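Source file: target.cif; contents: mmCIF, C-alpha atoms.
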data_target
#
loop_
_atom_site.label_atom_id
_atom_site.label_comp_id
_atom_site.auth_asym_id
_atom_site.auth_seq_id
_atom_site.Cartn_x
_atom_site.Cartn_y
_atom_site.Cartn_z
CA TYR R 198 -12.99 31.96 -15.45
CA VAL R 199 -10.13 29.79 -16.65
CA PHE R 200 -10.29 26.62 -18.77
CA VAL R 201 -7.07 24.65 -18.25
CA ASN R 202 -5.50 21.85 -20.25
CA PHE R 203 -3.20 19.87 -17.94
CA PHE R 204 -0.97 17.94 -20.33
CA ALA R 205 2.30 16.02 -20.68
CA PRO R 206 4.49 16.50 -23.78
CA TRP R 207 4.94 12.72 -24.23
CA CYS R 208 1.17 12.01 -24.13
CA ILE R 209 -0.18 11.06 -27.58
CA TRP R 210 -3.69 12.24 -26.67
CA CYS R 211 -2.32 15.61 -25.61
CA GLN R 212 -0.45 15.91 -28.90
CA ARG R 213 -3.65 15.19 -30.83
CA LEU R 214 -5.57 17.74 -28.77
CA GLU R 215 -3.01 20.52 -29.29
CA PRO R 216 -4.37 21.98 -32.59
CA THR R 217 -7.94 21.81 -31.30
CA TRP R 218 -6.96 23.56 -28.07
CA GLU R 219 -5.27 26.35 -30.00
CA ALA R 220 -8.35 26.68 -32.21
CA VAL R 221 -10.59 26.96 -29.13
CA ALA R 222 -8.40 29.77 -27.78
CA GLU R 223 -8.60 31.59 -31.12
CA GLU R 224 -12.38 31.15 -31.31
CA VAL R 225 -12.90 32.52 -27.78
CA GLU R 226 -10.71 35.51 -28.64
CA ARG R 227 -12.69 36.11 -31.84
CA MET R 228 -16.03 35.92 -30.00
CA ASN R 229 -14.85 38.40 -27.40
CA GLU R 230 -13.76 40.86 -30.11
CA GLU R 231 -16.97 40.78 -32.15
CA SER R 232 -19.84 42.88 -30.85
CA ASP R 233 -22.60 40.78 -32.43
CA VAL R 234 -21.55 37.58 -30.62
CA GLU R 235 -22.05 36.81 -26.94
CA ASN R 236 -18.77 37.21 -25.09
CA ILE R 237 -17.14 34.33 -23.24
CA ASP R 238 -14.98 35.82 -20.53
CA VAL R 239 -12.81 32.72 -20.16
CA SER R 240 -9.03 32.41 -20.31
CA ILE R 241 -7.81 29.37 -22.25
CA VAL R 242 -4.50 28.13 -20.83
CA LYS R 243 -2.41 24.98 -20.67
CA VAL R 244 -0.08 23.59 -18.01
CA ASP R 245 2.86 21.30 -18.75
CA CYS R 246 2.75 18.77 -15.91
CA VAL R 247 6.32 17.65 -16.57
CA ALA R 248 7.65 21.17 -16.07
CA ASN R 249 5.11 21.96 -13.31
CA ARG R 250 4.99 18.70 -11.41
CA ASN R 251 4.19 20.21 -8.01
CA LEU R 252 1.27 22.22 -9.35
CA CYS R 253 -0.22 19.19 -11.10
CA GLY R 254 0.34 17.12 -7.98
CA ALA R 255 -1.57 19.67 -5.90
CA GLN R 256 -4.38 19.50 -8.46
CA ARG R 257 -4.32 15.68 -8.29
CA ILE R 258 -4.01 15.28 -12.05
CA GLN R 259 -4.36 11.54 -12.62
CA ALA R 260 -4.59 11.38 -16.43
CA PHE R 261 -3.50 13.37 -19.46
CA PRO R 262 -5.01 15.44 -20.82
CA THR R 263 -7.18 16.69 -17.97
CA LEU R 264 -9.41 19.60 -18.99
CA ARG R 265 -10.62 21.50 -15.94
CA PHE R 266 -12.73 24.62 -15.51
CA PHE R 267 -11.87 27.11 -12.74
CA LYS R 268 -13.57 30.08 -11.16
CA ASP R 269 -11.63 32.34 -8.78
CA ALA R 270 -8.74 29.82 -8.72
CA GLN R 271 -11.04 26.98 -7.57
CA GLN R 272 -12.22 23.98 -9.56
CA TYR R 273 -15.72 24.67 -10.85
CA GLY R 274 -17.61 21.46 -11.58
CA ILE R 275 -16.29 18.10 -12.75
CA ASP R 276 -13.54 17.70 -15.35
CA TYR R 277 -14.52 18.11 -19.00
CA LYS R 278 -15.42 14.71 -20.51
CA LEU R 279 -17.33 15.72 -23.66
CA ASP R 280 -16.13 15.65 -27.28
CA ARG R 281 -12.73 17.18 -27.90
CA THR R 282 -13.89 19.38 -30.74
CA VAL R 283 -13.93 23.15 -31.05
CA ALA R 284 -17.71 23.24 -31.31
CA ALA R 285 -18.24 21.04 -28.24
CA MET R 286 -15.79 22.99 -26.07
CA ILE R 287 -17.21 26.37 -27.12
CA ALA R 288 -20.71 25.12 -26.32
CA PHE R 289 -19.46 23.90 -22.93
CA LEU R 290 -17.87 27.27 -22.09
CA THR R 291 -20.93 29.18 -23.25
CA GLN R 292 -23.16 27.01 -21.08
CA LYS R 293 -20.88 27.46 -18.06
CA VAL R 294 -20.83 31.25 -18.30
CA SER R 295 -24.55 31.45 -19.04
CA LEU R 296 -25.39 29.19 -16.08
CA GLU R 297 -23.34 31.37 -13.76
CA LYS R 298 -25.33 34.44 -14.82
CA THR R 299 -28.57 32.53 -14.28
CA MET R 300 -27.54 31.49 -10.76
CA GLU R 301 -26.62 34.99 -9.60
CA ASP R 302 -30.01 35.42 -7.89
CA TRP R 303 -30.26 31.88 -6.53
CA HIS R 304 -30.10 31.01 -2.85
CA PRO R 305 -26.54 29.99 -1.81
CA ARG R 306 -27.68 26.48 -0.85
CA ARG R 307 -29.30 25.95 -4.24
CA ARG R 308 -26.12 27.12 -5.94
CA GLN R 309 -24.07 24.75 -3.82
CA ARG R 310 -26.23 21.75 -4.73
CA MET R 311 -25.95 22.66 -8.40
CA LEU R 312 -22.18 22.93 -8.30
CA GLU R 313 -21.32 19.93 -6.12
CA ILE R 314 -18.74 17.66 -7.72
CA LYS R 315 -20.56 14.33 -8.07
CA GLU R 316 -17.97 12.43 -10.08
CA HIS R 317 -16.49 9.26 -8.58
CA PRO R 318 -12.94 8.58 -9.79
CA GLY R 319 -13.00 4.84 -9.14
CA CYS R 320 -13.77 1.89 -11.39
CA MET R 321 -15.13 -1.64 -11.06
CA VAL R 322 -13.68 -4.88 -12.44
CA SER R 323 -15.91 -7.91 -12.93
CA GLY R 324 -15.55 -11.14 -14.91
CA HIS R 325 -13.30 -14.17 -15.11
CA VAL R 326 -9.88 -15.08 -16.49
CA LEU R 327 -8.13 -18.32 -17.47
CA VAL R 328 -4.63 -18.75 -16.05
CA ASN R 329 -2.01 -21.50 -16.03
CA ARG R 330 -2.60 -23.95 -13.21
CA VAL R 331 0.99 -23.94 -11.88
CA PRO R 332 2.20 -21.29 -11.60
CA GLY R 333 -0.72 -18.99 -12.36
CA ASN R 334 -0.95 -15.21 -12.17
CA PHE R 335 -2.89 -12.30 -13.59
CA HIS R 336 -2.47 -8.55 -13.51
CA ILE R 337 -5.11 -5.82 -13.55
CA GLU R 338 -3.97 -2.66 -15.34
CA ALA R 339 -5.95 0.54 -15.84
CA ARG R 340 -6.09 1.86 -19.40
CA SER R 341 -8.07 4.54 -21.21
CA LEU R 342 -9.11 5.04 -24.81
CA ASN R 343 -8.81 8.82 -24.45
CA HIS R 344 -6.16 9.48 -21.80
CA ASN R 345 -2.67 8.54 -20.70
CA LEU R 346 -2.86 7.75 -16.99
CA ASN R 347 -0.47 9.51 -14.64
CA ALA R 348 0.96 6.50 -12.79
CA ALA R 349 2.66 8.64 -10.16
CA MET R 350 -0.71 10.10 -9.10
CA THR R 351 -2.93 7.04 -9.43
CA ASN R 352 -4.35 5.77 -6.15
CA LEU R 353 -4.66 1.98 -6.31
CA SER R 354 -6.65 1.48 -3.12
CA HIS R 355 -9.31 -1.14 -3.71
CA VAL R 356 -11.95 -3.43 -2.25
CA VAL R 357 -12.15 -7.10 -3.23
CA ASN R 358 -15.83 -8.00 -3.17
CA HIS R 359 -15.24 -11.56 -4.33
CA LEU R 360 -12.38 -13.60 -5.76
CA SER R 361 -12.64 -17.36 -6.21
CA PHE R 362 -11.06 -20.08 -8.30
CA GLY R 363 -12.73 -22.88 -10.19
CA THR R 364 -16.29 -23.28 -11.42
CA PRO R 365 -18.72 -21.02 -9.46
CA LEU R 366 -20.97 -22.94 -7.12
CA ALA R 367 -24.75 -22.74 -7.36
CA LYS R 368 -26.43 -20.48 -4.78
CA ASP R 369 -28.08 -23.37 -2.95
CA VAL R 370 -24.73 -25.16 -2.66
CA VAL R 371 -23.04 -22.00 -1.35
CA ARG R 372 -25.80 -21.65 1.25
CA LYS R 373 -25.29 -25.22 2.45
CA VAL R 374 -21.50 -25.15 2.75
CA SER R 375 -20.94 -21.53 3.79
CA LYS R 376 -21.19 -22.44 7.50
CA TYR R 377 -18.09 -24.65 7.27
CA SER R 378 -14.69 -23.05 7.89
CA GLN R 379 -13.10 -25.06 5.08
CA PHE R 380 -15.35 -23.30 2.60
CA GLN R 381 -14.84 -19.85 4.11
CA SER R 382 -11.06 -20.16 3.84
CA GLY R 383 -11.43 -20.64 0.08
CA THR R 384 -12.10 -16.94 -0.48
CA PRO R 385 -9.71 -15.14 1.90
CA LEU R 386 -9.78 -11.84 -0.01
CA ASP R 387 -13.56 -11.45 -0.05
CA GLY R 388 -14.71 -8.17 1.50
CA GLY R 389 -11.15 -6.98 2.06
CA THR R 390 -10.22 -3.29 1.84
CA PHE R 391 -6.66 -2.58 0.73
CA MET R 392 -5.59 1.03 1.22
CA THR R 393 -2.69 2.65 -0.60
CA ARG R 394 -1.64 5.76 1.29
CA ASP R 395 1.35 6.73 -0.84
CA TYR R 396 1.46 7.45 -4.55
CA HIS R 397 3.04 5.05 -7.02
CA GLN R 398 2.40 1.99 -4.86
CA ALA R 399 0.22 -1.06 -5.37
CA HIS R 400 -0.79 -4.17 -3.43
CA HIS R 401 0.28 -7.61 -4.65
CA HIS R 402 -1.98 -10.47 -3.56
CA TYR R 403 -0.51 -13.97 -3.26
CA CYS R 404 -2.86 -16.93 -2.87
CA ASN R 405 -2.03 -20.61 -2.42
CA VAL R 406 -4.78 -22.37 -4.36
CA VAL R 407 -5.55 -25.94 -3.23
CA SER R 408 -8.00 -28.13 -5.12
CA THR R 409 -11.03 -28.66 -2.87
CA HIS R 410 -14.17 -30.73 -3.44
CA PHE R 411 -17.42 -30.53 -1.48
CA GLU R 412 -19.90 -33.36 -1.15
CA VAL R 413 -23.25 -31.68 -0.58
CA ALA R 414 -25.72 -34.52 -1.14
CA ALA R 415 -25.99 -35.37 2.58
CA LEU R 416 -26.06 -31.76 3.86
#
Write out the structure in this file as structure tokens.
Amino acid sequence: YVFVNFFAPWCIWCQRLEPTWEAVAEEVERMNEESDVENIDVSIVKVDCVANRNLCGAQRIQAFPTLRFFKDAQQYGIDYKLDRTVAAMIAFLTQKVSLEKTMEDWHPRRRQRMLEIKEHPGCMVSGHVLVNRVPGNFHIEARSLNHNLNAAMTNLSHVVNHLSFGTPLAKDVVRKVSKYSQFQSGTPLDGGTFMTRDYHQAHHHYCNVVSTHFEVAAL
């Protein structure tokens, strides 16, 4: 087993994690040396993603630090997202090793279901913004309270479920006017899928917004 810290030297969160990571390595070494404590046969290592860019690219490291557990050179479970404390990480490693011993006699299919990576890396944006009428623009930028995102590895493919301008219409009004093409052209991005196939690229959406009024009393 190997527990890896994929980091970047410029990342403030990686710098803050450094003393804790060293303490985890020392604690694992101490536990493996003492006979009265359950051993944790795990190597604690770190990888500088600036110096090892190709390796981190192959591992699809999208944020720093990324803490990942490996078994036999393969990712084993989802990335570590718990507290970045010595106690929490030691408990995590102990649980991982103990679970593996428990699963030794399980059926292969049961083991596979247990170990499937179920994490979804995407995110959802919902809400409203106020922008200048002419010209108006807004930008959506991903940020994290605990990571520095790796812009070169971030996939910005996205789906626009709904984007509209102005005061939202009531559901009964939408139902009445939705059959008219003039209304449908007011939300040209709705339901669109925008794929980004290369790293470090992003879509820019340009919309010409025209003030439109609907008279629904006679509909």
For this session: Step by step, work through what the PyMOL selection byres ((chain R and resi 249-264) around 6) selects in the shown file, and finish by giving those residues as a list in words.
Result: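 With the PyMOL selection byres ((chain R and resi 249-264) around 6) on this model, the match is Val201, Asn202, Phe203, Phe204, Cys211, Asp245, Cys246, Val247, Ala248, Arg265, Asp276, Tyr277, His344, Asn345, Leu346, Asn347, Met350 and Thr351 of chain R.
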Exercise. Quick one: residues within 7 Å of Val356 in chain R, only C-alpha atoms counted, chain neighbours fewer than 5 positions away excluded, as number ranges by chain?
Worked result: R: 388-391
Exercise. So how far away is CA of Met392 in chain R from CA of Leu342 in chain R, in Å?
Worked result: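 Between these atoms lies a distance of 26.6 Å.
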Exercise. Nearest to Asp395 in chain R: which of R:Leu353, R:Lys298, R:Leu366, R:Val371 is it, counting all atoms listed in the file?
Worked result: R:Leu353
Exercise. What is the CA of Cys404 in chain R-CA of Ser361 in chain R distance in Å, reported with one decimal?
Worked result: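 Rounded to one decimal, the two atoms are 10.3 Å apart.
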Exercise. Which one is closest to Thr384 in chain R: R:His325, R:Arg310, R:His359, R:His401? Count all atoms listed in the file.
Worked result: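 For Thr384 in chain R, the nearest of the candidates is R:His359.
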Exercise. Just how far from CA of Ala339 in chain R is CA of Gly363 in chain R, in Å to one decimal?
Worked result: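 We find that CA of Gly363 in chain R and CA of Ala339 in chain R lie 25.0 Å from each other.
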For this session: Point out the residue among R:Leu279, R:Ala205, R:Val326, R:Leu214 with the least atom-to-atom distance to Phe362 in chain R, counting only C-alpha atoms.
Result: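 Nearest candidate to Phe362 in chain R out of R:Leu279, R:Ala205, R:Val326, R:Leu214: R:Val326.
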Exercise. Do you know which residues lie at most 12 Å from (-13.8, -3.5, -16.1), with coordinates as in the file and all atoms listed in the file counted, and could you write them as a ChimeraX atom specification?
Worked result: /R:319-325,337-341
For this session: Excluding range 220-230 of chain R and any residue of its chain fewer than 6 positions from it, enumerate the residues within 7 Å of it, using all atoms listed in the file, and give them as an MDAnalysis selection string.
Result: chainID R and resid 236:237 241 283 287
Store the residues picked out above, limited to C-alpha atoms, as a JSON list (two decimals), keeping the file's coordinate frame.
[["chain", "number", "residue", "atom", "x", "y", "z"],
["R", 236, "ASN", "CA", -18.77, 37.21, -25.09],
["R", 237, "ILE", "CA", -17.14, 34.33, -23.24],
["R", 241, "ILE", "CA", -7.81, 29.37, -22.25],
["R", 283, "VAL", "CA", -13.93, 23.15, -31.05],
["R", 287, "ILE", "CA", -17.21, 26.37, -27.12]]
For this session: Spell out the residues picked by the PyMOL selection byres ((chain R and resi 405) around 12) here, as a list of chain:residue names.
Result: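 Selected by the PyMOL selection byres ((chain R and resi 405) around 12) in this file: R:Arg330, R:Val331, R:Pro332, R:Gly333, R:Asn334, R:Ser361, R:Phe362, R:Ser382, R:Gly383, R:Thr384, R:Pro385, R:Leu386, R:His402, R:Tyr403, R:Cys404, R:Val406, R:Val407, R:Ser408.
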Problem set entry | Which of R:Val294, R:Phe200, R:Arg307, R:Val244 sits closest to Gln271 in chain R [using all atoms listed in the file] | R:Phe200
Once the PyMOL selection byres ((chain R and resi 293) around 10) is applied to the coordinates I shared, what remains selected? I want it as a CSV table (one decimal) with C-alpha atoms, in the frame of the given file.
chain,number,residue,atom,x,y,z
R,198,TYR,CA,-13.0,32.0,-15.4
R,237,ILE,CA,-17.1,34.3,-23.2
R,239,VAL,CA,-12.8,32.7,-20.2
R,266,PHE,CA,-12.7,24.6,-15.5
R,273,TYR,CA,-15.7,24.7,-10.8
R,274,GLY,CA,-17.6,21.5,-11.6
R,287,ILE,CA,-17.2,26.4,-27.1
R,288,ALA,CA,-20.7,25.1,-26.3
R,289,PHE,CA,-19.5,23.9,-22.9
R,290,LEU,CA,-17.9,27.3,-22.1
R,291,THR,CA,-20.9,29.2,-23.2
R,292,GLN,CA,-23.2,27.0,-21.1
R,294,VAL,CA,-20.8,31.2,-18.3
R,295,SER,CA,-24.6,31.4,-19.0
R,296,LEU,CA,-25.4,29.2,-16.1
R,297,GLU,CA,-23.3,31.4,-13.8
R,298,LYS,CA,-25.3,34.4,-14.8
R,299,THR,CA,-28.6,32.5,-14.3
For this session: Could you tell me which of R:Val242, R:Leu360, R:Val374, R:Ala367 comes closest to Asp387 in chain R if we count only C-alpha atoms?
Result: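 The answer is R:Leu360, which sits nearest to Asp387 in chain R.
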